[in-house]
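S.K.: upload.txt is reproduced below (compact mmCIF, C-alpha atoms and all ligand atoms).
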```txt
# COMPACT_ATOMS: atom_id res chain seq x y z
CA MET A 1 10.65 -21.46 26.31
CA SER A 2 13.71 -19.40 25.55
CA GLU A 3 14.48 -18.27 22.04
CA PRO A 4 17.79 -19.14 20.38
CA SER A 5 20.14 -16.25 19.82
CA ILE A 6 20.25 -15.18 16.21
CA ASP A 7 23.32 -14.02 14.35
CA TRP A 8 21.86 -10.82 12.91
CA GLU A 9 25.23 -9.83 11.46
CA ALA A 10 25.23 -12.92 9.26
CA TRP A 11 21.56 -12.57 8.36
CA THR A 12 22.10 -8.94 7.39
CA ARG A 13 24.89 -9.94 5.03
CA GLN A 14 22.66 -12.64 3.56
CA ALA A 15 19.68 -10.29 3.26
CA THR A 16 21.80 -7.65 1.53
CA GLU A 17 23.08 -10.16 -0.98
CA TRP A 18 19.62 -11.56 -1.62
CA LEU A 19 17.93 -8.18 -1.98
CA SER A 20 20.59 -7.09 -4.44
CA ASP A 21 20.03 -10.26 -6.43
CA TYR A 22 16.23 -10.04 -6.17
CA ILE A 23 16.26 -6.51 -7.60
CA ARG A 24 18.03 -7.93 -10.66
CA VAL A 25 15.04 -10.21 -11.29
CA ASP A 26 13.07 -8.07 -13.75
CA THR A 27 9.44 -7.99 -12.61
CA VAL A 28 8.52 -4.55 -13.91
CA ASN A 29 4.75 -4.39 -14.21
CA PRO A 30 3.52 -4.13 -16.90
CA PRO A 31 4.12 -6.79 -18.05
CA GLY A 32 5.04 -8.29 -14.65
CA ASN A 33 6.66 -11.66 -15.38
CA GLU A 34 6.35 -12.42 -11.68
CA THR A 35 7.02 -16.11 -12.29
CA ARG A 36 10.70 -15.09 -12.44
CA ALA A 37 10.45 -13.93 -8.82
CA VAL A 38 8.58 -17.10 -7.88
CA GLU A 39 11.38 -19.24 -9.35
CA TRP A 40 14.01 -17.13 -7.61
CA LEU A 41 12.27 -17.42 -4.22
CA GLY A 42 11.53 -21.09 -4.88
CA ARG A 43 15.24 -21.87 -5.25
CA ILE A 44 15.93 -20.41 -1.80
CA LEU A 45 13.01 -22.29 -0.24
CA ASP A 46 14.16 -25.52 -1.93
CA ALA A 47 17.62 -25.09 -0.45
CA GLU A 48 16.04 -24.79 3.00
CA GLY A 49 13.80 -27.81 2.46
CA ILE A 50 10.61 -25.78 2.64
CA PRO A 51 7.80 -26.90 0.31
CA TRP A 52 5.98 -24.27 -1.72
CA GLU A 53 3.25 -24.11 -4.28
CA THR A 54 2.20 -21.78 -7.03
CA TYR A 55 -1.07 -20.31 -8.21
CA THR A 56 -1.49 -19.46 -11.87
CA PRO A 57 -3.97 -16.70 -12.71
CA ASN A 58 -6.25 -17.21 -15.70
CA GLY A 59 -3.83 -19.70 -17.25
CA ASP A 60 -1.04 -17.09 -17.47
CA GLU A 61 2.14 -19.01 -16.69
CA SER A 62 4.21 -15.83 -16.52
CA ARG A 63 2.33 -14.37 -13.57
CA LYS A 64 2.41 -16.92 -10.78
CA THR A 65 2.04 -16.35 -7.06
CA LEU A 66 4.02 -18.37 -4.52
CA VAL A 67 2.70 -19.69 -1.22
CA ALA A 68 4.77 -21.48 1.43
CA ARG A 69 3.60 -22.59 4.83
CA LEU A 70 5.20 -23.61 8.12
CA SER A 71 2.64 -25.47 10.20
CA GLY A 72 1.89 -24.57 13.77
CA ASP A 73 -0.10 -26.48 16.36
CA GLY A 74 -3.02 -24.04 16.09
CA SER A 75 -3.21 -23.53 19.85
CA ARG A 76 -3.28 -19.74 19.46
CA GLY A 77 -5.57 -19.60 16.48
CA LYS A 78 -5.58 -19.18 12.74
CA PRO A 79 -2.53 -18.41 10.57
CA LEU A 80 -0.47 -15.26 10.26
CA ILE A 81 0.22 -14.37 6.63
CA LEU A 82 3.39 -12.50 5.67
CA LEU A 83 2.31 -10.87 2.42
CA ASN A 84 4.58 -9.29 -0.17
CA HIS A 85 4.19 -8.41 -3.82
CA THR A 86 6.84 -9.45 -6.31
CA ASP A 87 6.14 -6.90 -9.07
CA VAL A 88 7.61 -3.41 -9.25
CA VAL A 89 6.59 -0.24 -11.05
CA PRO A 90 8.39 0.92 -14.22
CA PHE A 91 11.19 3.49 -14.10
CA GLU A 92 12.56 6.30 -16.23
CA ARG A 93 16.15 5.21 -16.72
CA GLN A 94 17.42 8.66 -17.71
CA TYR A 95 16.69 10.09 -14.26
CA TRP A 96 18.54 7.39 -12.34
CA THR A 97 22.19 7.61 -11.30
CA VAL A 98 22.41 3.80 -10.97
CA ASP A 99 21.05 0.91 -13.01
CA PRO A 100 17.45 0.56 -11.72
CA LEU A 101 17.68 -3.23 -12.09
CA GLY A 102 21.34 -3.48 -11.08
CA GLY A 103 20.93 -4.14 -7.36
CA GLU A 104 24.04 -2.11 -6.65
CA VAL A 105 25.31 -2.13 -3.05
CA ARG A 106 27.06 1.14 -2.30
CA ASP A 107 27.43 3.67 0.54
CA GLY A 108 25.46 1.49 2.93
CA TYR A 109 22.47 1.15 0.62
CA ILE A 110 20.99 -1.41 -1.72
CA TRP A 111 19.90 0.48 -4.83
CA GLY A 112 17.23 -0.32 -7.36
CA ARG A 113 13.58 -0.52 -8.25
CA GLY A 114 11.74 -2.39 -5.55
CA ALA A 115 14.33 -1.81 -2.81
CA GLN A 116 11.60 -0.16 -0.73
CA ASP A 117 8.45 -1.14 -2.66
CA MET A 118 8.55 -3.92 -1.78
CA LYS A 119 11.26 -6.45 -2.47
CA GLY A 120 13.10 -5.24 0.64
CA MET A 121 10.15 -6.15 2.85
CA GLY A 122 9.77 -9.39 0.90
CA ILE A 123 13.31 -10.33 1.95
CA MET A 124 12.62 -9.39 5.59
CA GLU A 125 9.55 -11.65 5.55
CA LEU A 126 11.49 -14.43 3.85
CA ILE A 127 14.23 -14.28 6.45
CA THR A 128 12.02 -14.59 9.50
CA PHE A 129 10.32 -17.47 7.67
CA LEU A 130 13.69 -19.18 7.10
CA ILE A 131 14.86 -18.57 10.66
CA HIS A 132 11.74 -20.36 11.91
CA LYS A 133 12.57 -23.37 9.74
CA ARG A 134 16.29 -23.52 10.44
CA GLU A 135 15.98 -23.09 14.18
CA GLY A 136 12.91 -25.31 14.37
CA LEU A 137 11.08 -22.60 16.30
CA PRO A 138 7.77 -23.85 17.68
CA LEU A 139 4.69 -22.27 16.12
CA THR A 140 1.33 -21.88 17.81
CA ARG A 141 -0.31 -21.02 14.50
CA ASP A 142 0.62 -21.52 10.85
CA LEU A 143 3.06 -19.02 9.41
CA VAL A 144 2.33 -18.42 5.74
CA PHE A 145 4.58 -16.63 3.26
CA ILE A 146 2.74 -15.29 0.20
CA ALA A 147 4.66 -13.62 -2.63
CA VAL A 148 1.91 -12.29 -4.81
CA ALA A 149 1.89 -10.93 -8.36
CA ASP A 150 0.38 -7.78 -9.83
CA GLU A 151 -0.08 -5.46 -6.86
CA GLU A 152 1.12 -2.45 -8.79
CA ALA A 153 -1.41 -2.74 -11.61
CA GLY A 154 -4.62 -3.44 -9.77
CA SER A 155 -4.08 -7.04 -8.53
CA GLU A 156 -6.29 -8.73 -11.17
CA PHE A 157 -3.53 -11.32 -11.66
CA GLY A 158 -2.66 -11.33 -7.98
CA VAL A 159 -4.69 -11.03 -4.84
CA GLU A 160 -8.01 -10.37 -6.63
CA PHE A 161 -7.52 -13.63 -8.54
CA LEU A 162 -6.73 -15.47 -5.29
CA ASP A 163 -9.80 -13.91 -3.71
CA ARG A 164 -12.00 -15.26 -6.52
CA ASP A 165 -10.46 -18.68 -7.12
CA HIS A 166 -8.67 -19.63 -3.89
CA PRO A 167 -10.67 -18.40 -0.91
CA GLU A 168 -9.05 -21.14 1.19
CA LEU A 169 -5.88 -19.00 1.30
CA PHE A 170 -7.78 -16.33 3.20
CA ASP A 171 -8.46 -18.56 6.18
CA CYS A 172 -6.23 -16.60 8.56
CA GLU A 173 -6.35 -14.28 11.56
CA TYR A 174 -3.74 -11.70 10.67
CA VAL A 175 -1.84 -10.30 7.70
CA ILE A 176 1.35 -8.26 7.79
CA ASN A 177 1.92 -6.36 4.54
CA GLU A 178 3.39 -3.17 3.15
CA GLY A 179 1.54 0.06 3.83
CA GLY A 180 2.94 1.34 7.11
CA GLY A 181 6.49 2.56 7.27
CA GLY A 182 8.66 4.37 9.72
CA ALA A 183 10.47 7.65 9.42
CA THR A 184 13.05 9.69 11.28
CA GLU A 185 10.83 12.74 11.04
CA VAL A 186 7.16 13.41 11.78
CA LEU A 187 5.34 16.51 10.53
CA GLY A 188 8.67 18.25 10.04
CA LYS A 189 10.03 17.38 13.49
CA GLU A 190 12.94 15.06 14.02
CA ARG A 191 11.66 11.96 15.79
CA ASN A 192 11.72 8.24 15.11
CA ALA A 193 8.20 7.09 14.37
CA PHE A 194 6.79 3.81 13.12
CA ASN A 195 3.45 3.71 11.40
CA ILE A 196 1.18 0.72 11.62
CA GLY A 197 -1.11 0.92 8.60
CA VAL A 198 -4.62 0.19 9.83
CA ALA A 199 -6.76 1.65 7.07
CA GLU A 200 -6.68 2.83 3.50
CA LYS A 201 -8.85 5.24 1.64
CA GLY A 202 -11.14 3.56 -0.85
CA PRO A 203 -10.50 4.35 -4.50
CA LEU A 204 -13.55 5.22 -6.59
CA TRP A 205 -12.69 6.06 -10.17
CA LEU A 206 -15.46 7.73 -12.14
CA THR A 207 -15.73 8.85 -15.75
CA LEU A 208 -18.10 11.73 -16.47
CA ARG A 209 -19.42 11.85 -20.00
CA ALA A 210 -21.39 14.67 -21.55
CA HIS A 211 -23.27 14.33 -24.82
CA GLY A 212 -24.44 17.28 -26.87
CA ARG A 213 -25.19 18.54 -30.33
CA PRO A 214 -22.17 18.98 -32.64
CA GLY A 215 -21.99 22.01 -34.89
CA HIS A 216 -19.96 24.79 -36.45
CA GLY A 217 -17.78 26.69 -34.02
CA SER A 218 -18.94 29.98 -35.53
CA VAL A 219 -22.49 29.40 -34.26
CA PRO A 220 -22.45 28.67 -30.51
CA HIS A 221 -25.52 26.97 -29.05
CA ASP A 222 -26.53 25.82 -25.61
CA ASP A 223 -26.04 22.08 -26.11
CA ASN A 224 -22.22 22.03 -26.39
CA ALA A 225 -20.94 18.85 -24.68
CA ALA A 226 -17.71 20.53 -23.58
CA ASP A 227 -19.59 23.45 -21.99
CA ARG A 228 -21.85 21.01 -20.18
CA LEU A 229 -18.90 19.07 -18.80
CA VAL A 230 -17.13 22.25 -17.67
CA ARG A 231 -20.23 23.33 -15.76
CA ALA A 232 -20.43 19.93 -14.05
CA LEU A 233 -16.75 20.08 -13.09
CA GLN A 234 -17.17 23.59 -11.76
CA ARG A 235 -19.96 22.43 -9.46
CA ILE A 236 -17.74 19.62 -8.22
CA GLN A 237 -14.90 22.05 -7.54
CA ASP A 238 -17.24 24.34 -5.62
CA TRP A 239 -18.60 21.44 -3.56
CA ASP A 240 -17.69 22.10 0.04
CA ARG A 241 -17.17 18.70 1.62
CA PRO A 242 -16.65 18.44 5.38
CA LEU A 243 -13.62 16.98 7.12
CA LYS A 244 -14.50 13.63 8.68
CA PRO A 245 -11.51 12.47 10.70
CA SER A 246 -11.93 8.76 11.51
CA PRO A 247 -11.11 7.27 14.93
CA GLU A 248 -7.74 6.15 13.49
CA VAL A 249 -6.89 9.66 12.32
CA LEU A 250 -7.93 11.13 15.67
CA GLU A 251 -5.75 8.56 17.45
CA TYR A 252 -2.81 9.49 15.18
CA PHE A 253 -3.03 13.15 16.13
CA ARG A 254 -3.68 12.35 19.79
CA GLN A 255 -0.43 10.33 19.83
CA LEU A 256 1.40 13.19 18.17
CA HIS A 257 0.10 15.54 20.83
CA ASP A 258 0.93 13.16 23.72
CA ASN A 259 4.47 12.83 22.37
CA GLY A 260 5.08 16.53 21.99
CA ILE A 261 5.08 16.61 18.17
CA LEU A 262 1.81 18.51 18.01
CA ASP A 263 1.77 21.39 20.48
CA ARG A 264 -1.97 21.86 20.61
CA GLU A 265 -4.84 19.53 21.46
CA PRO A 266 -6.17 17.97 18.25
CA THR A 267 -9.51 19.75 18.33
CA PRO A 268 -11.61 19.94 15.14
CA GLU A 269 -10.28 23.50 14.63
CA VAL A 270 -6.66 22.38 14.91
CA LEU A 271 -7.29 19.44 12.56
CA ALA A 272 -8.85 21.83 10.06
CA GLU A 273 -5.77 24.07 10.24
CA ILE A 274 -3.48 21.10 9.69
CA ALA A 275 -5.58 20.04 6.71
CA GLU A 276 -5.34 23.54 5.27
CA ALA A 277 -1.55 23.47 5.44
CA ASN A 278 -0.88 19.86 4.43
CA PRO A 279 -2.55 18.22 1.39
CA ARG A 280 -1.90 14.69 2.64
CA MET A 281 -3.34 15.45 6.06
CA ARG A 282 -6.36 16.95 4.33
CA SER A 283 -6.80 13.90 2.13
CA VAL A 284 -6.79 11.43 5.04
CA GLN A 285 -9.61 13.39 6.64
CA MET A 286 -12.01 13.66 3.73
CA ASN A 287 -13.46 12.24 0.54
CA SER A 288 -11.02 13.67 -1.98
CA ILE A 289 -11.50 14.28 -5.70
CA SER A 290 -8.76 14.83 -8.25
CA LEU A 291 -9.67 15.70 -11.82
CA THR A 292 -7.15 13.62 -13.75
CA THR A 293 -8.02 13.67 -17.46
CA LEU A 294 -10.15 15.80 -19.77
CA THR A 295 -10.95 14.85 -23.33
CA ALA A 296 -13.12 16.61 -25.89
CA GLY A 297 -13.16 17.88 -29.41
CA VAL A 298 -11.55 17.09 -32.74
CA LYS A 299 -10.89 20.44 -34.36
CA HIS A 300 -10.60 24.13 -33.52
CA ASN A 301 -13.84 25.10 -35.30
CA VAL A 302 -16.03 22.08 -34.47
CA ILE A 303 -18.36 21.98 -31.45
CA PRO A 304 -17.81 18.50 -29.98
CA ALA A 305 -20.61 15.99 -29.58
CA THR A 306 -19.05 14.38 -26.51
CA ALA A 307 -16.71 15.35 -23.70
CA GLU A 308 -15.19 13.19 -20.99
CA ALA A 309 -13.46 13.68 -17.67
CA THR A 310 -11.99 11.18 -15.26
CA LEU A 311 -12.06 11.69 -11.52
CA ASP A 312 -9.78 9.92 -9.06
CA ILE A 313 -11.88 9.89 -5.92
CA ARG A 314 -10.57 8.48 -2.64
CA LEU A 315 -13.15 7.85 0.05
CA ILE A 316 -12.39 7.81 3.74
CA PRO A 317 -12.14 4.19 4.99
CA GLY A 318 -15.52 2.51 5.19
CA TYR A 319 -17.43 5.21 3.29
CA ASP A 320 -20.16 3.74 1.09
CA PRO A 321 -19.32 4.37 -2.59
CA ASP A 322 -23.00 4.20 -3.60
CA GLU A 323 -23.76 6.95 -1.12
CA PHE A 324 -20.96 9.06 -2.58
CA ILE A 325 -22.25 8.54 -6.12
CA ARG A 326 -25.70 9.69 -4.99
CA GLU A 327 -24.10 12.81 -3.51
CA ILE A 328 -22.00 13.68 -6.55
CA THR A 329 -25.00 13.08 -8.87
CA GLU A 330 -26.94 15.61 -6.83
CA VAL A 331 -24.08 18.10 -6.96
CA ILE A 332 -23.70 17.77 -10.74
CA ASP A 333 -27.47 18.15 -11.06
CA ASP A 334 -27.54 17.45 -14.79
CA GLU A 335 -29.08 14.23 -16.03
CA LYS A 336 -27.32 14.65 -19.37
CA ILE A 337 -24.02 13.90 -17.65
CA GLU A 338 -23.46 10.18 -17.61
CA ILE A 339 -21.50 8.88 -14.60
CA GLU A 340 -19.60 5.66 -15.17
CA ARG A 341 -18.01 3.73 -12.34
CA VAL A 342 -14.70 2.45 -13.69
CA PHE A 343 -13.12 1.05 -10.54
CA GLY A 344 -13.95 1.02 -6.89
CA SER A 345 -12.86 -0.69 -3.73
CA ALA A 346 -13.98 -0.07 -0.19
CA SER A 347 -12.56 -1.74 2.88
CA PRO A 348 -13.01 -1.14 6.59
CA ALA A 349 -10.23 -0.20 8.99
CA SER A 350 -8.47 -2.93 10.95
CA PRO A 351 -8.84 -2.61 14.73
CA MET A 352 -6.17 -0.90 16.83
CA ASP A 353 -6.83 -3.03 19.92
CA THR A 354 -5.62 -6.47 18.81
CA GLU A 355 -2.89 -8.58 20.38
CA LEU A 356 -0.77 -8.22 17.23
CA TYR A 357 -1.04 -4.42 17.29
CA GLY A 358 0.24 -4.49 20.86
CA ILE A 359 3.14 -6.78 19.93
CA MET A 360 4.20 -4.64 16.95
CA THR A 361 4.19 -1.60 19.22
CA ARG A 362 6.16 -3.37 21.94
CA GLU A 363 8.80 -4.82 19.60
CA ALA A 364 9.36 -1.60 17.69
CA LYS A 365 9.84 0.28 20.95
CA ARG A 366 12.12 -2.41 22.31
CA LEU A 367 14.55 -1.97 19.43
CA VAL A 368 14.18 1.79 19.05
CA GLU A 369 13.54 3.11 22.53
CA ASP A 370 12.60 6.69 21.74
CA ALA A 371 10.26 5.73 18.90
CA ILE A 372 6.60 6.59 18.81
CA ILE A 373 4.15 4.20 17.19
CA LEU A 374 1.32 5.71 15.20
CA PRO A 375 -1.73 4.21 13.54
CA GLY A 376 -1.57 5.04 9.85
CA VAL A 377 -4.34 5.82 7.42
CA SER A 378 -3.04 5.61 3.90
CA THR A 379 -4.29 7.74 1.04
CA GLY A 380 -3.23 5.00 -1.38
CA PHE A 381 -4.29 1.38 -1.36
CA THR A 382 -2.53 -1.97 -1.16
CA ASP A 383 -3.47 -5.64 -1.32
CA SER A 384 -4.52 -5.37 2.33
CA ARG A 385 -7.88 -4.08 1.10
CA VAL A 386 -8.88 -7.55 -0.14
CA PHE A 387 -8.21 -9.09 3.29
CA ARG A 388 -9.91 -6.25 5.15
CA ARG A 389 -13.04 -6.48 3.07
CA ARG A 390 -13.22 -10.15 4.15
CA GLY A 391 -13.06 -9.00 7.75
CA ILE A 392 -9.45 -10.11 8.29
CA THR A 393 -7.14 -7.89 10.33
CA ALA A 394 -4.37 -6.66 8.01
CA TYR A 395 -1.61 -4.30 9.04
CA GLY A 396 0.85 -2.34 6.99
CA PHE A 397 4.04 -2.80 8.97
CA VAL A 398 7.41 -2.24 7.33
CA PRO A 399 9.44 -1.57 10.46
CA THR A 400 12.18 0.60 8.99
CA LEU A 401 13.04 4.23 9.72
CA THR A 402 13.33 6.11 6.46
CA ALA A 403 15.16 9.42 6.34
CA PRO A 404 13.42 12.34 4.61
CA GLU A 405 15.82 12.15 1.65
CA ASP A 406 14.74 8.57 0.95
CA GLN A 407 10.99 9.10 1.12
CA GLY A 408 10.27 10.34 -2.37
CA ARG A 409 12.09 7.48 -4.03
CA VAL A 410 9.24 4.97 -3.86
CA HIS A 411 7.86 4.90 -7.43
CA GLY A 412 10.45 7.65 -8.04
CA ASN A 413 14.10 7.70 -9.02
CA ASP A 414 17.15 6.19 -7.30
CA GLU A 415 15.04 4.04 -5.01
CA ARG A 416 17.17 2.53 -2.26
CA LEU A 417 17.06 0.87 1.15
CA SER A 418 19.80 1.24 3.72
CA ILE A 419 21.44 -1.93 5.01
CA GLU A 420 20.87 -0.58 8.51
CA ASN A 421 17.12 -0.41 7.82
CA LEU A 422 17.12 -3.87 6.33
CA ARG A 423 18.65 -5.16 9.53
CA LEU A 424 16.30 -3.19 11.78
CA GLY A 425 13.26 -4.28 9.79
CA MET A 426 14.26 -7.96 9.88
CA GLN A 427 14.76 -7.87 13.62
CA ILE A 428 11.53 -6.09 14.52
CA LEU A 429 9.55 -8.25 12.12
CA HIS A 430 11.07 -11.46 13.44
CA HIS A 431 10.39 -10.57 17.07
CA THR A 432 6.86 -9.55 16.13
CA VAL A 433 6.25 -12.90 14.43
CA ARG A 434 7.64 -14.72 17.48
CA GLY A 435 5.34 -12.64 19.67
CA ILE A 436 2.19 -13.63 17.83
CA CYS A 437 3.14 -17.14 16.65
CA GLY A 438 5.51 -18.33 19.38
ZN ZN B 1 4.02 -1.81 -3.00
```
Hey, can you dump this file as structure tokens for me?
M.R.:
Amino acid sequence: MSEPSIDWEAWTRQATEWLSDYIRVDTVNPPGNETRAVEWLGRILDAEGIPWETYTPNGDESRKTLVARLSGDGSRGKPLILLNHTDVVPFERQYWTVDPLGGEVRDGYIWGRGAQDMKGMGIMELITFLIHKREGLPLTRDLVFIAVADEEAGSEFGVEFLDRDHPELFDCEYVINEGGGGATEVLGKERNAFNIGVAEKGPLWLTLRAHGRPGHGSVPHDDNAADRLVRALQRIQDWDRPLKPSPEVLEYFRQLHDNGILDREPTPEVLAEIAEANPRMRSVQMNSISLTTLTAGVKHNVIPATAEATLDIRLIPGYDPDEFIREITEVIDDEKIEIERVFGSASPASPMDTELYGIMTREAKRLVEDAIILPGVSTGFTDSRVFRRRGITAYGFVPTLTAPEDQGRVHGNDERLSIENLRLGMQILHHTVRGICG
């Protein structure tokens, strides 16, 4: 059946107004207070006559998650979830030129914390959801809108809580979430490119702890905890780990080559050169280790009894954390170094050959003809990991085209989203949802 024509001008005005207003809802995490966002979204859903429910984590009334559902006939399968997190990261007010929670609309942009990460995408998801209701668009599967708390601080009060206590919410075929974004430049070359996030590196946070014999600094001995820790860290730094580009990373570079962004064939040698020149491109191809904190000692002339270091390790998608811990234990080769696993999460990649992947590609190209569509492997992680580890296909797909000058603003200063991108994102997302649910 034919689709009704949609007044995107009017929806863009509405989306701009809503995003501006939504930014003013203070959900800085910590502490979160995501229930404010739930109430704000709930008022809009109420006005549209859409029922919604909330989920309260561990009895904390201030940190609710909202779920709303439009029922489909199920003829094409299980639900599509539009996932967005309602919390935002803190800001350093003194470095901003606008009020971070002001939602100012100026120079064609909506300014404020969360404009890109990810209240902007939340509004795009909300709008396609509302269009479906208002126009009575037929659905061949349920369309579910989930505005979840606590993504920015580890998801204990958000998707991890839902995973533990409400597994019924995970009965779905696909998830569209943050994670992939588009840009007007790829590897330094001007070109519109959308990324579909298919995989994320797995965080593995370890604490190394050395114990030794304390003593007077004037009499060095060979059981100094700080010395022991330094030796262990030196071995880790000297550890030559191979590049292991995954099929998704290889496909990314193959696409870049096919589209003339990368001049040479992406052979292992070329990939190694790229890794050498670009820290992010190196990280996506290997198990990375950043030494992030070092703590030891109490006084200039006292040999410390303990010393500690924290490592932020990111494993390539699907890599077994236990295997990595075995490897690093062997490299450290000192049983007096205790290795504590503080946090870890591993999730597989989502497939690149699904119907939804094809539809996202088609719709993005339909609206931006010259665009290339790339599979993305993220060095960071999002709530998609929880769905992927359950075997659900989750894609990062924020179909906007961000200019280089707007890229560093996520978690940074003067975060903003252009109205043009809000409009583009809404349109591509809506057509994608129609493609997979219509
Ligand atoms: Zn985010």
S.K.: Leaving out region 407-413 of chain A and any residue of its chain fewer than 4 positions from it, which residues lie within 10 Å of it when counting only C-alpha atoms, given as a PyMOL selection string?
M.R.: chain A and resi 88-98+100+112-118+183+402-403+417
S.K.: Could you state the separation of CA of Met286 (chain A) and CA of Leu243 (chain A) in Å, given to one decimal place?
M.R.: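 According to the coordinates, CA of Met286 (chain A) and CA of Leu243 (chain A) are separated by 5.0 Å.
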S.K.: Do you know which residues are within 7 Å of ligand ZN 1 (chain B) using all atoms listed in the file? Can you write them as a ChimeraX atom specification?
M.R.: /A:85,117-118,151-152,178,382
S.K.: To one decimal in Å, tell me the separation between CA of Ile359 (chain A) and CA of Gly179 (chain A).
M.R.: 17.6 Å
S.K.: From (-10.0, -19.0, 4.1), in the file's coordinates, out to 12 Å: which residues are reached, counting all atoms listed in the file? Answer as a ChimeraX atom specification.
M.R.: /A:78-81,162-174,387,390-392
S.K.: Those same residues, written as a CSV table (one decimal), in the frame of the given file with C-alpha atoms?
M.R.:
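Ended up saving to out-v8.csv:
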```
chain,number,residue,atom,x,y,z
A,78,LYS,CA,-5.6,-19.2,12.7
A,79,PRO,CA,-2.5,-18.4,10.6
A,80,LEU,CA,-0.5,-15.3,10.3
A,81,ILE,CA,0.2,-14.4,6.6
A,162,LEU,CA,-6.7,-15.5,-5.3
A,163,ASP,CA,-9.8,-13.9,-3.7
A,164,ARG,CA,-12.0,-15.3,-6.5
A,165,ASP,CA,-10.5,-18.7,-7.1
A,166,HIS,CA,-8.7,-19.6,-3.9
A,167,PRO,CA,-10.7,-18.4,-0.9
A,168,GLU,CA,-9.0,-21.1,1.2
A,169,LEU,CA,-5.9,-19.0,1.3
A,170,PHE,CA,-7.8,-16.3,3.2
A,171,ASP,CA,-8.5,-18.6,6.2
A,172,CYS,CA,-6.2,-16.6,8.6
A,173,GLU,CA,-6.4,-14.3,11.6
A,174,TYR,CA,-3.7,-11.7,10.7
A,387,PHE,CA,-8.2,-9.1,3.3
A,390,ARG,CA,-13.2,-10.2,4.2
A,391,GLY,CA,-13.1,-9.0,7.8
A,392,ILE,CA,-9.4,-10.1,8.3
```
S.K.: For Ile372 (chain A), which of A:Pro304, A:Pro321, A:Gly260, A:Pro31 is the closest residue, counting all atoms listed in the file?
M.R.: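 Among the listed residues, the smallest separation from Ile372 (chain A) belongs to A:Gly260.
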S.K.: To one decimal place, how far is CA of Asp73 (chain A) from CA of Leu143 (chain A) in Å?
M.R.: 10.7 Å
S.K.: May I have the residues within 12 Å of Leu250 (chain A) as a list in words, using all atoms listed in the file and disregarding those fewer than 3 positions away in the same chain?
M.R.: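 That gives Leu243, Lys244, Pro245, Ser246, Pro247, Phe253, Arg254, Gln255, Leu256, His257, Glu265, Pro266, Thr267, Pro268, Val270, Leu271, Met281, Val284, Gln285, Leu374, Pro375, Gly376 and Val377 of chain A.
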S.K.: I'd like to know which of A:Ala305, A:Val198, A:Leu291, A:Val230 is closest to Phe381 (chain A), using only C-alpha atoms.
M.R.: A:Val198
S.K.: Which residue out of A:Ala37, A:Ile110, A:Leu139, A:Val331 has the minimum interatomic distance to Leu422 (chain A) when all atoms listed in the file are used?
M.R.: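 Checking each candidate against Leu422 (chain A), we get A:Ile110 as the closest.
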S.K.: With distances taken over all atoms listed in the file, which residue among A:Ser418, A:Gln14, A:Ser71, A:Thr140 lies nearest Val105 (chain A)?
M.R.: A:Ser418
S.K.: Need to verify the contact set: Glu369 (chain A), 12 Å, all atoms listed in the file, exclusion of same-chain residues closer than 3 positions in sequence. Can you return it as a list of chain:residue names?
M.R.: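 Listed by chain and then number, they are A:Arg191, A:Asn192, A:Ala193, A:Phe194, A:Thr361, A:Arg362, A:Glu363, A:Ala364, A:Lys365, A:Arg366, A:Ile372, A:Ile373.
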S.K.: Can you work out which one of A:Leu187, A:Val25, A:Ala307, A:Val302 has the shortest atom-to-atom distance to Ile261 (chain A), counting all atoms listed in the file?
M.R.: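 For Ile261 (chain A), the nearest of the candidates is A:Leu187.
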S.K.: Supply region 236-244 of chain A as a compact mmCIF listing (two decimals), in the coordinates of the input, with N, CA and C atoms built in where the input has gaps.
M.R.:
```txt
# COMPACT_ATOMS: atom_id res chain seq x y z
N ILE A 236 -18.50 20.54 -9.08
CA ILE A 236 -17.74 19.62 -8.22
C ILE A 236 -16.64 20.37 -7.49
N GLN A 237 -15.98 21.27 -8.19
CA GLN A 237 -14.90 22.05 -7.54
C GLN A 237 -15.44 22.94 -6.43
N ASP A 238 -16.65 23.45 -6.62
CA ASP A 238 -17.24 24.34 -5.62
C ASP A 238 -17.87 23.58 -4.45
N TRP A 239 -17.93 22.29 -4.57
CA TRP A 239 -18.60 21.44 -3.56
C TRP A 239 -17.78 21.44 -2.28
N ASP A 240 -18.38 21.96 -1.24
CA ASP A 240 -17.69 22.10 0.04
C ASP A 240 -17.95 20.85 0.88
N ARG A 241 -16.98 19.95 0.88
CA ARG A 241 -17.17 18.70 1.62
C ARG A 241 -16.52 18.81 3.00
N PRO A 242 -17.19 18.28 4.02
CA PRO A 242 -16.65 18.44 5.38
C PRO A 242 -15.47 17.51 5.64
N LEU A 243 -14.65 17.89 6.61
CA LEU A 243 -13.62 16.98 7.12
C LEU A 243 -14.32 15.95 8.00
N LYS A 244 -13.91 14.69 7.84
CA LYS A 244 -14.50 13.63 8.68
C LYS A 244 -13.39 12.76 9.23
```
